[in-house]
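> What follows is target_24.pdb, made up of PDB, C-alpha atoms:
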```pdb
ATOM      1  CA  MET D  65     -19.853  19.029  13.363
ATOM      2  CA  PRO D  66     -21.666  22.323  12.576
ATOM      3  CA  SER D  67     -21.597  23.329   8.919
ATOM      4  CA  SER D  68     -19.462  26.373   9.729
ATOM      5  CA  GLN D  69     -16.812  24.033  11.165
ATOM      6  CA  ARG D  70     -16.799  21.444   8.366
ATOM      7  CA  PRO D  71     -13.352  20.845   6.934
ATOM      8  CA  PRO D  72     -12.771  22.093   3.378
ATOM      9  CA  GLU D  73     -13.080  19.724   0.444
ATOM     10  CA  LEU D  74     -10.161  17.375   0.121
ATOM     11  CA  PRO D  75      -7.865  17.886  -2.864
ATOM     12  CA  PRO D  76      -8.098  15.187  -5.553
ATOM     13  CA  LEU D  77      -6.098  11.973  -5.289
ATOM     14  CA  ALA D  78      -2.926  11.404  -7.330
ATOM     15  CA  VAL D  79      -2.539   8.004  -9.025
ATOM     16  CA  SER D  80       0.852   7.175 -10.533
ATOM     17  CA  MET D  81       0.431   4.916 -13.570
ATOM     18  CA  GLY D  82       3.253   2.522 -12.735
ATOM     19  CA  ASP D  83       4.994   0.810 -15.637
ATOM     20  CA  PRO D  84       3.242   2.048 -18.811
ATOM     21  CA  ALA D  85       3.592  -1.403 -20.398
ATOM     22  CA  GLY D  86       1.785  -3.077 -17.511
ATOM     23  CA  ILE D  87      -1.857  -3.082 -16.502
ATOM     24  CA  GLY D  88      -1.621   0.132 -14.471
ATOM     25  CA  PRO D  89      -3.020   2.447 -17.177
ATOM     26  CA  GLU D  90      -5.872   0.023 -17.892
ATOM     27  CA  ILE D  91      -7.010  -0.445 -14.293
ATOM     28  CA  ILE D  92      -6.807   3.297 -13.607
ATOM     29  CA  ALA D  93      -9.015   3.976 -16.637
ATOM     30  CA  LYS D  94     -11.438   1.230 -15.589
ATOM     31  CA  ALA D  95     -11.562   2.670 -12.080
ATOM     32  CA  TRP D  96     -12.563   6.027 -13.567
ATOM     33  CA  SER D  97     -15.282   4.286 -15.615
ATOM     34  CA  ALA D  98     -16.580   2.702 -12.393
ATOM     35  CA  ARG D  99     -16.422   5.945 -10.407
ATOM     36  CA  ALA D 100     -20.200   6.316 -10.011
ATOM     37  CA  PRO D 101     -21.204   2.858  -8.721
ATOM     38  CA  HIS D 102     -18.177   2.789  -6.391
ATOM     39  CA  MET D 103     -18.644   6.434  -5.347
ATOM     40  CA  LEU D 104     -15.016   7.274  -6.026
ATOM     41  CA  PRO D 105     -13.885  10.830  -5.287
ATOM     42  CA  PRO D 106     -12.020  12.882  -7.901
ATOM     43  CA  PHE D 107      -8.588  11.552  -8.808
ATOM     44  CA  PHE D 108      -6.079  12.124 -11.575
ATOM     45  CA  ALA D 109      -3.459   9.924 -13.176
ATOM     46  CA  VAL D 110       0.204  10.855 -13.433
ATOM     47  CA  GLY D 111       2.205   9.453 -16.336
ATOM     48  CA  ASP D 112       2.249   9.307 -20.129
ATOM     49  CA  PRO D 113      -1.316   9.811 -21.475
ATOM     50  CA  ARG D 114      -0.488   7.615 -24.472
ATOM     51  CA  ALA D 115      -0.186   4.616 -22.173
ATOM     52  CA  VAL D 116      -3.893   5.016 -21.388
ATOM     53  CA  SER D 117      -4.888   5.590 -25.005
ATOM     54  CA  GLN D 118      -3.126   2.375 -26.010
ATOM     55  CA  VAL D 119      -5.436   0.239 -23.888
ATOM     56  CA  TRP D 120      -8.643   2.282 -23.542
ATOM     57  CA  ASP D 121     -10.838   4.273 -25.893
ATOM     58  CA  GLY D 122     -12.519   6.352 -23.192
ATOM     59  CA  PRO D 123     -12.131  10.111 -22.673
ATOM     60  CA  VAL D 124      -8.853  11.494 -21.331
ATOM     61  CA  VAL D 125      -8.542  15.112 -20.160
ATOM     62  CA  ALA D 126      -5.046  16.596 -20.095
ATOM     63  CA  ILE D 127      -4.499  18.812 -17.063
ATOM     64  CA  SER D 128      -1.437  20.651 -15.813
ATOM     65  CA  ASP D 129      -2.457  21.302 -12.220
ATOM     66  CA  PRO D 130      -4.163  19.021  -9.653
ATOM     67  CA  HIS D 131      -6.741  21.723  -8.960
ATOM     68  CA  GLU D 132      -8.128  21.177 -12.463
ATOM     69  CA  ALA D 133      -8.893  17.517 -11.768
ATOM     70  CA  THR D 134     -12.112  17.986  -9.830
ATOM     71  CA  ALA D 135     -13.786  20.020 -12.580
ATOM     72  CA  ALA D 136     -12.522  17.653 -15.283
ATOM     73  CA  PHE D 137     -13.363  14.421 -13.470
ATOM     74  CA  GLY D 138     -16.909  14.140 -14.786
ATOM     75  CA  ASN D 139     -15.809  14.571 -18.396
ATOM     76  CA  GLY D 140     -12.890  12.155 -18.597
ATOM     77  CA  LEU D 141      -9.908  10.683 -16.808
ATOM     78  CA  PRO D 142      -7.706  13.644 -15.840
ATOM     79  CA  VAL D 143      -4.019  13.018 -16.590
ATOM     80  CA  ILE D 144      -0.945  15.047 -15.716
ATOM     81  CA  ALA D 145       1.833  14.185 -18.148
ATOM     82  CA  ALA D 146       4.915  13.325 -16.105
ATOM     83  CA  ALA D 147       7.330  11.965 -18.683
ATOM     84  CA  ASP D 148       7.691  10.582 -22.190
ATOM     85  CA  ALA D 149       7.490   6.793 -22.061
ATOM     86  CA  GLY D 150       8.747   6.402 -25.619
ATOM     87  CA  GLU D 151       6.995   3.817 -27.731
ATOM     88  CA  VAL D 152       4.538   2.142 -25.362
ATOM     89  CA  VAL D 153       3.825  -1.480 -26.233
ATOM     90  CA  PRO D 154       1.544  -3.188 -23.698
ATOM     91  CA  GLY D 155       3.250  -6.245 -22.288
ATOM     92  CA  ALA D 156       6.713  -5.188 -23.499
ATOM     93  CA  PRO D 157       8.487  -3.232 -20.753
ATOM     94  CA  ASP D 158      11.585  -1.221 -21.603
ATOM     95  CA  ILE D 159      13.990   1.336 -20.159
ATOM     96  CA  ASP D 160      11.992   4.371 -21.309
ATOM     97  CA  GLY D 161       8.922   2.976 -19.588
ATOM     98  CA  ALA D 162      10.850   2.399 -16.379
ATOM     99  CA  ARG D 163      12.088   5.988 -16.395
ATOM    100  CA  CYS D 164       8.531   7.192 -16.958
ATOM    101  CA  ALA D 165       7.257   5.032 -14.081
ATOM    102  CA  LEU D 166       9.870   6.453 -11.701
ATOM    103  CA  GLN D 167       9.246  10.060 -12.722
ATOM    104  CA  SER D 168       5.492   9.521 -12.376
ATOM    105  CA  LEU D 169       5.984   8.116  -8.879
ATOM    106  CA  GLU D 170       8.254  11.011  -7.918
ATOM    107  CA  LEU D 171       5.772  13.623  -9.124
ATOM    108  CA  ALA D 172       2.693  11.961  -7.616
ATOM    109  CA  ALA D 173       4.377  11.540  -4.224
ATOM    110  CA  GLY D 174       5.594  15.122  -4.363
ATOM    111  CA  LEU D 175       2.078  16.403  -5.018
ATOM    112  CA  ALA D 176       0.838  14.500  -1.981
ATOM    113  CA  ARG D 177       3.683  15.852   0.161
ATOM    114  CA  SER D 178       2.885  19.410  -0.901
ATOM    115  CA  GLY D 179      -0.828  18.998  -0.131
ATOM    116  CA  ALA D 180      -1.873  19.493  -3.769
ATOM    117  CA  ALA D 181      -3.133  15.889  -3.676
ATOM    118  CA  SER D 182      -4.830  14.432  -0.625
ATOM    119  CA  ALA D 183      -3.104  11.047  -1.100
ATOM    120  CA  VAL D 184      -1.015   9.069  -3.546
ATOM    121  CA  ILE D 185      -2.017   5.729  -5.048
ATOM    122  CA  THR D 186       0.871   3.999  -6.796
ATOM    123  CA  GLY D 187       0.354   1.799  -9.829
ATOM    124  CA  PRO D 188       2.299  -1.457 -10.197
ATOM    125  CA  VAL D 189       5.924  -1.264 -11.322
ATOM    126  CA  SER D 190       8.522  -3.770 -12.443
ATOM    127  CA  LYS D 191      11.368  -3.818  -9.923
ATOM    128  CA  LYS D 192      13.620  -5.451 -12.510
ATOM    129  CA  GLN D 193      13.079  -2.619 -14.948
ATOM    130  CA  LEU D 194      13.632  -0.031 -12.225
ATOM    131  CA  TYR D 195      16.818  -1.731 -11.076
ATOM    132  CA  ASP D 196      18.075  -1.527 -14.665
ATOM    133  CA  ILE D 197      17.914   2.284 -14.496
ATOM    134  CA  GLY D 198      19.692   2.489 -11.141
ATOM    135  CA  PHE D 199      16.786   2.276  -8.695
ATOM    136  CA  THR D 200      18.313   1.202  -5.371
ATOM    137  CA  TYR D 201      15.253   0.760  -3.156
ATOM    138  CA  PRO D 202      13.614  -2.590  -2.340
ATOM    139  CA  GLY D 203      10.316  -1.211  -3.617
ATOM    140  CA  GLN D 204       8.039   1.816  -3.956
ATOM    141  CA  THR D 205       7.299   1.760  -0.221
ATOM    142  CA  GLU D 206      10.903   2.510   0.720
ATOM    143  CA  PHE D 207      11.240   5.106  -2.047
ATOM    144  CA  VAL D 208       8.176   7.049  -0.894
ATOM    145  CA  ALA D 209       9.294   6.793   2.741
ATOM    146  CA  GLU D 210      12.704   8.243   1.875
ATOM    147  CA  ARG D 211      11.106  11.079  -0.063
ATOM    148  CA  CYS D 212       8.972  11.815   3.014
ATOM    149  CA  GLY D 213      12.024  11.850   5.302
ATOM    150  CA  VAL D 214      10.975   8.700   7.163
ATOM    151  CA  ALA D 215      13.518   6.034   8.145
ATOM    152  CA  HIS D 216      12.798   2.674   6.547
ATOM    153  CA  GLU D 217      12.280   0.918   9.892
ATOM    154  CA  ASN D 218       9.527   3.410  10.743
ATOM    155  CA  ALA D 219       7.643   2.862   7.469
ATOM    156  CA  VAL D 220       5.362  -0.149   7.499
ATOM    157  CA  MET D 221       3.878  -2.030   4.559
ATOM    158  CA  MET D 222       0.375  -3.120   5.508
ATOM    159  CA  LEU D 223      -1.809  -5.228   3.213
ATOM    160  CA  ALA D 224      -5.523  -4.829   3.803
ATOM    161  CA  GLY D 225      -8.733  -6.401   2.562
ATOM    162  CA  PRO D 226     -12.338  -6.399   3.761
ATOM    163  CA  THR D 227     -11.708  -8.986   6.517
ATOM    164  CA  LEU D 228      -7.959  -8.971   7.154
ATOM    165  CA  ARG D 229      -5.001  -6.624   7.619
ATOM    166  CA  VAL D 230      -1.445  -7.953   7.749
ATOM    167  CA  VAL D 231       2.002  -6.423   8.255
ATOM    168  CA  PRO D 232       5.195  -8.253   7.220
ATOM    169  CA  ILE D 233       7.928  -7.135   9.623
ATOM    170  CA  THR D 234      10.538  -8.073   7.023
ATOM    171  CA  THR D 235       9.658  -7.726   3.369
ATOM    172  CA  HIS D 236      11.690  -8.388   0.235
ATOM    173  CA  ILE D 237      14.638 -10.331   1.605
ATOM    174  CA  PRO D 238      15.611 -14.000   1.174
ATOM    175  CA  LEU D 239      13.897 -16.329   3.609
ATOM    176  CA  ARG D 240      17.263 -17.560   4.867
ATOM    177  CA  SER D 241      18.079 -13.986   5.974
ATOM    178  CA  VAL D 242      14.954 -13.440   8.071
ATOM    179  CA  ALA D 243      16.219 -15.032  11.300
ATOM    180  CA  ASN D 244      19.319 -12.832  11.261
ATOM    181  CA  THR D 245      17.334  -9.697  10.443
ATOM    182  CA  ILE D 246      14.624  -9.734  13.088
ATOM    183  CA  SER D 247      15.337  -8.088  16.424
ATOM    184  CA  ILE D 248      13.398  -6.790  19.394
ATOM    185  CA  GLU D 249      14.064  -3.241  18.220
ATOM    186  CA  LEU D 250      12.788  -3.902  14.692
ATOM    187  CA  ILE D 251       9.630  -5.644  15.901
ATOM    188  CA  VAL D 252       8.842  -2.853  18.364
ATOM    189  CA  ALA D 253       9.463  -0.115  15.784
ATOM    190  CA  LYS D 254       7.182  -1.768  13.205
ATOM    191  CA  ALA D 255       4.484  -2.407  15.803
ATOM    192  CA  ARG D 256       4.525   1.170  17.049
ATOM    193  CA  ALA D 257       4.179   2.492  13.499
ATOM    194  CA  THR D 258       1.387  -0.005  12.845
ATOM    195  CA  ALA D 259      -0.590   1.007  15.925
ATOM    196  CA  ARG D 260      -0.179   4.686  15.151
ATOM    197  CA  GLY D 261      -1.095   4.112  11.504
ATOM    198  CA  LEU D 262      -4.344   2.364  12.391
ATOM    199  CA  GLN D 263      -5.225   5.276  14.637
ATOM    200  CA  ARG D 264      -4.382   7.959  12.061
ATOM    201  CA  ASN D 265      -5.727   6.293   8.925
ATOM    202  CA  PHE D 266      -8.653   4.233  10.224
ATOM    203  CA  GLY D 267      -9.681   6.008  13.418
ATOM    204  CA  ILE D 268      -9.134   2.875  15.536
ATOM    205  CA  LEU D 269      -8.419   4.342  18.970
ATOM    206  CA  LYS D 270      -7.032   1.155  20.559
ATOM    207  CA  PRO D 271      -5.716  -1.094  17.781
ATOM    208  CA  ARG D 272      -5.415  -4.814  18.568
ATOM    209  CA  LEU D 273      -2.126  -6.251  17.314
ATOM    210  CA  ALA D 274      -1.639 -10.022  17.035
ATOM    211  CA  PHE D 275       1.777 -11.533  16.310
ATOM    212  CA  ALA D 276       2.405 -14.670  14.323
ATOM    213  CA  GLY D 277       5.137 -16.986  15.544
ATOM    214  CA  PHE D 278       8.258 -17.418  13.480
ATOM    215  CA  ASN D 279       8.527 -21.188  13.811
ATOM    216  CA  PRO D 280       5.907 -23.938  13.383
ATOM    217  CA  HIS D 281       3.515 -23.989  16.351
ATOM    218  CA  ALA D 282       5.107 -20.705  17.495
ATOM    219  CA  GLY D 283       8.213 -22.610  18.546
ATOM    220  CA  GLU D 284       6.556 -25.043  20.988
ATOM    221  CA  GLY D 285       8.139 -23.260  23.942
ATOM    222  CA  GLY D 286      11.601 -23.427  22.402
ATOM    223  CA  ALA D 287      11.400 -27.025  21.197
ATOM    224  CA  ILE D 288      11.173 -25.872  17.538
ATOM    225  CA  GLY D 289      13.363 -22.777  17.543
ATOM    226  CA  SER D 290      14.040 -19.963  19.973
ATOM    227  CA  GLU D 291      13.076 -16.849  17.975
ATOM    228  CA  GLU D 292       9.794 -16.503  19.854
ATOM    229  CA  ILE D 293      11.594 -16.570  23.205
ATOM    230  CA  ASP D 294      14.525 -14.422  22.094
ATOM    231  CA  PHE D 295      12.701 -11.728  20.118
ATOM    232  CA  LEU D 296       8.925 -11.918  19.890
ATOM    233  CA  ILE D 297       7.927 -12.349  23.531
ATOM    234  CA  PRO D 298      10.256  -9.584  24.809
ATOM    235  CA  ALA D 299       9.015  -7.248  22.068
ATOM    236  CA  ILE D 300       5.367  -7.981  22.899
ATOM    237  CA  GLU D 301       6.026  -7.375  26.595
ATOM    238  CA  GLN D 302       7.685  -4.049  25.798
ATOM    239  CA  LEU D 303       4.748  -2.990  23.646
ATOM    240  CA  GLN D 304       2.287  -3.967  26.358
ATOM    241  CA  ALA D 305       4.271  -1.886  28.857
ATOM    242  CA  GLU D 306       3.850   1.077  26.497
ATOM    243  CA  GLY D 307       0.078   0.608  26.524
ATOM    244  CA  ILE D 308      -0.210  -1.022  23.086
ATOM    245  CA  ASP D 309      -2.673  -3.925  22.841
ATOM    246  CA  ALA D 310      -0.251  -6.590  21.578
ATOM    247  CA  VAL D 311      -0.772 -10.347  21.925
ATOM    248  CA  GLY D 312       0.914 -13.547  20.783
ATOM    249  CA  PRO D 313       2.934 -15.100  19.368
ATOM    250  CA  TYR D 314       0.383 -17.445  17.848
ATOM    251  CA  ALA D 315       0.875 -20.394  15.549
ATOM    252  CA  ALA D 316       0.609 -18.884  12.071
ATOM    253  CA  ASP D 317      -1.400 -21.811  10.721
ATOM    254  CA  THR D 318      -4.315 -21.173  13.099
ATOM    255  CA  MET D 319      -4.616 -17.380  13.242
ATOM    256  CA  PHE D 320      -6.246 -16.628   9.911
ATOM    257  CA  HIS D 321      -9.555 -18.493  10.093
ATOM    258  CA  PRO D 322     -12.683 -16.329  10.571
ATOM    259  CA  ARG D 323     -13.021 -16.736  14.364
ATOM    260  CA  ALA D 324      -9.367 -15.887  14.930
ATOM    261  CA  ARG D 325      -9.476 -12.845  12.629
ATOM    262  CA  ALA D 326     -12.316 -11.387  14.670
ATOM    263  CA  LEU D 327     -10.003 -11.044  17.666
ATOM    264  CA  TYR D 328      -7.497  -8.580  16.190
ATOM    265  CA  ASP D 329      -7.275  -5.540  13.914
ATOM    266  CA  VAL D 330      -3.982  -6.482  12.287
ATOM    267  CA  ALA D 331      -1.716  -9.523  12.177
ATOM    268  CA  LEU D 332       2.026  -8.867  12.295
ATOM    269  CA  CYS D 333       4.098 -11.549  10.602
ATOM    270  CA  LEU D 334       7.847 -12.085  10.537
ATOM    271  CA  TYR D 335       8.342 -12.597   6.811
ATOM    272  CA  HIS D 336       6.827 -11.753   3.454
ATOM    273  CA  ASP D 337       4.926 -14.908   2.495
ATOM    274  CA  GLN D 338       3.647 -15.530   6.007
ATOM    275  CA  ALA D 339       1.687 -12.287   5.656
ATOM    276  CA  LEU D 340       0.909 -12.181   1.957
ATOM    277  CA  ILE D 341      -0.336 -15.731   1.408
ATOM    278  CA  PRO D 342      -3.414 -15.310   3.653
ATOM    279  CA  ILE D 343      -4.287 -11.819   2.407
ATOM    280  CA  LYS D 344      -3.974 -12.798  -1.254
ATOM    281  CA  THR D 345      -5.909 -16.019  -0.684
ATOM    282  CA  LEU D 346      -8.787 -14.126   0.910
ATOM    283  CA  HIS D 347      -8.708 -10.854  -1.044
ATOM    284  CA  PHE D 348      -6.684 -11.290  -4.219
ATOM    285  CA  ASP D 349      -8.822  -8.954  -6.339
ATOM    286  CA  GLU D 350      -9.400  -6.309  -3.676
ATOM    287  CA  GLY D 351      -6.259  -6.271  -1.550
ATOM    288  CA  VAL D 352      -4.650  -2.900  -0.870
ATOM    289  CA  ASN D 353      -1.071  -2.100   0.069
ATOM    290  CA  MET D 354      -0.977   0.865   2.469
ATOM    291  CA  THR D 355       2.205   2.393   3.849
ATOM    292  CA  LEU D 356       1.883   3.321   7.505
ATOM    293  CA  GLY D 357       4.162   5.721   9.339
ATOM    294  CA  LEU D 358       4.231   8.411   6.627
ATOM    295  CA  PRO D 359       3.122  12.050   6.829
ATOM    296  CA  ILE D 360       1.036  11.366   3.692
ATOM    297  CA  VAL D 361      -1.491   8.701   2.747
ATOM    298  CA  ARG D 362      -0.113   6.147   0.299
ATOM    299  CA  THR D 363      -1.891   3.074  -1.033
ATOM    300  CA  SER D 364      -1.383   0.701  -3.928
ATOM    301  CA  PRO D 365      -3.240  -2.253  -5.431
ATOM    302  CA  ASP D 366      -1.784  -5.459  -4.039
ATOM    303  CA  HIS D 367      -0.702  -7.001  -7.334
ATOM    304  CA  GLY D 368       1.978  -6.634  -9.958
ATOM    305  CA  THR D 369       2.292  -5.353 -13.507
ATOM    306  CA  ALA D 370       0.766  -8.484 -15.104
ATOM    307  CA  PHE D 371       2.619  -7.904 -18.373
ATOM    308  CA  GLY D 372       1.176 -11.172 -19.686
ATOM    309  CA  ILE D 373      -2.345  -9.726 -19.930
ATOM    310  CA  ALA D 374      -1.508  -6.066 -20.547
ATOM    311  CA  GLY D 375      -3.391  -4.639 -23.512
ATOM    312  CA  ARG D 376      -5.910  -7.479 -23.656
ATOM    313  CA  ASN D 377      -8.698  -5.781 -21.705
ATOM    314  CA  GLU D 378      -8.522  -8.609 -19.169
ATOM    315  CA  ALA D 379      -7.218  -6.723 -16.110
ATOM    316  CA  GLU D 380      -9.608  -6.516 -13.165
ATOM    317  CA  PRO D 381      -9.707  -3.046 -11.569
ATOM    318  CA  GLY D 382     -11.025  -4.208  -8.188
ATOM    319  CA  ALA D 383      -7.769  -3.737  -6.277
ATOM    320  CA  MET D 384      -7.171  -0.295  -7.810
ATOM    321  CA  ILE D 385     -10.720   0.758  -6.946
ATOM    322  CA  ALA D 386     -10.177  -0.506  -3.386
ATOM    323  CA  ALA D 387      -6.850   1.352  -3.164
ATOM    324  CA  ILE D 388      -8.459   4.608  -4.292
ATOM    325  CA  ARG D 389     -11.341   4.210  -1.844
ATOM    326  CA  MET D 390      -9.057   3.346   1.076
ATOM    327  CA  ALA D 391      -6.787   6.306   0.320
ATOM    328  CA  ALA D 392      -9.758   8.649   0.218
ATOM    329  CA  GLN D 393     -11.157   7.291   3.476
ATOM    330  CA  ALA D 394      -7.795   7.571   5.232
ATOM    331  CA  ALA D 395      -7.301  11.125   3.978
ATOM    332  CA  ALA D 396     -10.756  12.027   5.283
ATOM    333  CA  VAL D 397     -10.025  10.482   8.692
ATOM    334  CA  ARG D 398      -6.785  12.450   8.919
ATOM    335  CA  ARG D 399      -8.490  15.679   7.904
ATOM    336  CA  THR D 400     -11.297  15.170  10.445
ATOM    337  CA  SER D 401      -8.808  14.414  13.222
ATOM    338  CA  ALA D 402      -6.794  17.518  12.354
ATOM    339  CA  CYS D 403      -9.923  19.677  12.504
ATOM    340  CA  GLN D 404     -11.091  18.379  15.874
TER     341      GLN D 404
END
```
Have the structure of the file written as C-alpha cells, please.


Amino acid sequence: MPSSQRPPELPPLAVSMGDPAGIGPEIIAKAWSARAPHMLPPFFAVGDPRAVSQVWDGPVVAISDPHEATAAFGNGLPVIAAADAGEVVPGAPDIDGARCALQSLELAAGLARSGAASAVITGPVSKKQLYDIGFTYPGQTEFVAERCGVAHENAVMMLAGPTLRVVPITTHIPLRSVANTISIELIVAKARATARGLQRNFGILKPRLAFAGFNPHAGEGGAIGSEEIDFLIPAIEQLQAEGIDAVGPYAADTMFHPRARALYDVALCLYHDQALIPIKTLHFDEGVNMTLGLPIVRTSPDHGTAFGIAGRNEAEPGAMIAAIRMAAQAAAVRRTSACQ
C-alpha cells in the first residue's frame, strides 16, 4: 500500500482490570513491563489505580482520555480511573470490588464502541461477586455483546492458542441441559459467526470449520445417541450449501492431536469442557478468549481471577500478553480491510 494510502495509527487498546482483588491488575502491569520484548502496542488500563499499586511498584500514569495513553505509554502504565474499589485487599474480593469491575468493563467496552480504543481486553472477573450485585449475564462475553447490540446467539466465544482455536456452541450451562439446548438453528448461527469472525479478525478468506461429535465416537451412526443425526449433520449440510467449509462430526477424542489440528482452522464443540479441556491442556498460559460476531474487537486471557495467588507476585502474564497482541492484530486486520 503506498504511504499516502496507509491507514492512520490505531487508537490505543483498552484493558479493563477485572476484579481488583484478583490477578488482573498484576498481569496488566507485568504486560506493560514486558511491552518491549513482546512488541506490545500502546494500551491503557481501566479501573482503580490503587489496585495496581497494591501489587506492583512500577510507574503508573493517570490519564483522563485514551488519546493520552500513547504519549504516556513509555513512561508508565496509563490508567483511566473508572470507579472507587474501596479498600482493595488482594485475594479478598468484596462488593465494592465487584462494582468497580463492572464499571471498568462498561467504560472499556464503551471506549471501544466509540472508536476511542481500537479494542477491549477484559481482565478476569468473579461471576459470583458480580451476581451478588445483580449481574444477570452468564459472563462478560454476553454483557459486551448486549452492549454492542448483538443477540447472544450471534456472539461466539472462541478460545485460541498458537496451535488451536475452539468454539463451544453452548457455554456456561449444566451438562445435563446441553442435549435440550442444541438445535440446527443454534449450530448454524454459531458457525456463521465463527466463519465471519475468522475472516474479519484473522484475514482467513476461507475458514475451515471442523465439528466435534456430541456422543462418544460421534454417535457410531446412531448406535450411541442420535444428536449427530438429528442436529449436527443437517447443520453441517446447511453450512456447506451456503459455501462454508464445514466438516464432521468427528469423534472428539481423536480430533485434537497435531495431525488432526492441521486440517482445520477452528474446532466447534457442543459443550464447554469439550472445547476448553484441549485448549487449556495445550495453551494454559497463553490461551486467549476472543468474542466473534461483534462490531468491536474483544479478547480476554483464558483464565480466572486466581484469588489464591493474588498479591504474591506469582501470576504469569503470558495469557494477558497474548490477549493484548491478538486484539492488536485483529484490530489491524479490520482496519486494513476497511481501507482496501

> To test your reading of the syntax: which residues would the PyMOL selection byres ((chain D and resi 243) around 10) return for the file shown? Reply as a PyMOL selection string.

chain D and resi 234+239-242+244-247+278+291+334-335

> Could you write out the selected residues, including C-alpha atoms, as a PDB file, keeping the file's coordinate frame?


```
ATOM      1  CA  THR D 234      10.538  -8.073   7.023  1.00  0.00           C
ATOM      2  CA  LEU D 239      13.897 -16.329   3.609  1.00  0.00           C
ATOM      3  CA  ARG D 240      17.263 -17.560   4.867  1.00  0.00           C
ATOM      4  CA  SER D 241      18.079 -13.986   5.974  1.00  0.00           C
ATOM      5  CA  VAL D 242      14.954 -13.440   8.071  1.00  0.00           C
ATOM      6  CA  ASN D 244      19.319 -12.832  11.261  1.00  0.00           C
ATOM      7  CA  THR D 245      17.334  -9.697  10.443  1.00  0.00           C
ATOM      8  CA  ILE D 246      14.624  -9.734  13.088  1.00  0.00           C
ATOM      9  CA  SER D 247      15.337  -8.088  16.424  1.00  0.00           C
ATOM     10  CA  PHE D 278       8.258 -17.418  13.480  1.00  0.00           C
ATOM     11  CA  GLU D 291      13.076 -16.849  17.975  1.00  0.00           C
ATOM     12  CA  LEU D 334       7.847 -12.085  10.537  1.00  0.00           C
ATOM     13  CA  TYR D 335       8.342 -12.597   6.811  1.00  0.00           C
TER      14      TYR D 335
END
```

> Go through segment 334-403 of chain D and flag each residue having an atom no more than 12 Å from segment 117-130 of chain D; for those, report the closest pair of atoms plus their distance in Å to one decimal, using all atoms listed in the file, ordered by chain and rising number, as a Markdown table.


```
| residue | atom | partner | partner_atom | distance |
| --- | --- | --- | --- | --- |
| D:Ile373 | CA | D:Val119 | CA | 11.2 |
| D:Ala374 | CA | D:Val119 | CA | 8.1 |
| D:Gly375 | CA | D:Val119 | CA | 5.3 |
| D:Arg376 | CA | D:Val119 | CA | 7.7 |
| D:Asn377 | CA | D:Val119 | CA | 7.2 |
| D:Glu378 | CA | D:Val119 | CA | 10.5 |
| D:Ala379 | CA | D:Val119 | CA | 10.6 |
```

> Can I get the selection written as a compact mmCIF listing (two decimals), in the frame of the given file, with C-alpha atoms?


```txt
# COMPACT_ATOMS: atom_id res chain seq x y z
CA ILE D 373 -2.35 -9.73 -19.93
CA ALA D 374 -1.51 -6.07 -20.55
CA GLY D 375 -3.39 -4.64 -23.51
CA ARG D 376 -5.91 -7.48 -23.66
CA ASN D 377 -8.70 -5.78 -21.70
CA GLU D 378 -8.52 -8.61 -19.17
CA ALA D 379 -7.22 -6.72 -16.11
```

> Considering all atoms listed in the file, can you say which of D:Leu346, D:Ala149, D:Met354, D:Val252 comes closest to Gln167 of chain D?

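Closest candidate: D:Ala149.
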
> Within 12 Å of Ala115 of chain D, counting all atoms listed in the file, which residues qualify if same-chain residues fewer than 6 places away don't, as a compact mmCIF listing (two decimals) with C-alpha atoms, keeping the file's coordinate frame?


```
# COMPACT_ATOMS: atom_id res chain seq x y z
CA SER D 80 0.85 7.18 -10.53
CA MET D 81 0.43 4.92 -13.57
CA GLY D 82 3.25 2.52 -12.74
CA ASP D 83 4.99 0.81 -15.64
CA PRO D 84 3.24 2.05 -18.81
CA ALA D 85 3.59 -1.40 -20.40
CA GLY D 86 1.78 -3.08 -17.51
CA ILE D 87 -1.86 -3.08 -16.50
CA GLY D 88 -1.62 0.13 -14.47
CA PRO D 89 -3.02 2.45 -17.18
CA GLU D 90 -5.87 0.02 -17.89
CA ILE D 91 -7.01 -0.44 -14.29
CA ILE D 92 -6.81 3.30 -13.61
CA ALA D 93 -9.02 3.98 -16.64
CA ALA D 109 -3.46 9.92 -13.18
CA ASP D 121 -10.84 4.27 -25.89
CA VAL D 124 -8.85 11.49 -21.33
CA VAL D 143 -4.02 13.02 -16.59
CA ALA D 145 1.83 14.18 -18.15
CA ALA D 146 4.92 13.32 -16.10
CA ALA D 147 7.33 11.96 -18.68
CA ASP D 148 7.69 10.58 -22.19
CA ALA D 149 7.49 6.79 -22.06
CA GLY D 150 8.75 6.40 -25.62
CA GLU D 151 7.00 3.82 -27.73
CA VAL D 152 4.54 2.14 -25.36
CA VAL D 153 3.82 -1.48 -26.23
CA PRO D 154 1.54 -3.19 -23.70
CA GLY D 155 3.25 -6.24 -22.29
CA PRO D 157 8.49 -3.23 -20.75
CA GLY D 161 8.92 2.98 -19.59
CA CYS D 164 8.53 7.19 -16.96
CA ALA D 165 7.26 5.03 -14.08
CA ALA D 374 -1.51 -6.07 -20.55
CA GLY D 375 -3.39 -4.64 -23.51
```

> Suppose you want the space between atom CA of Phe199 of chain D and atom CA of Ala383 of chain D; what is it in Å?

25.4 Å

> With distances taken over all atoms listed in the file, which of D:Leu340, D:Ile300, D:Thr227, D:Pro359 is nearest to Ala324 of chain D?

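Of D:Leu340, D:Ile300, D:Thr227, D:Pro359, the one nearest Ala324 of chain D is D:Thr227, counting all atoms listed in the file.
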
> Taking the file as shown, what set of residues would the PyMOL selection byres ((chain D and resi 384) around 7) give back, as JSON, numbers by chain?

{"D": [91, 92, 95, 365, 381, 382, 383, 385, 386, 387, 388]}
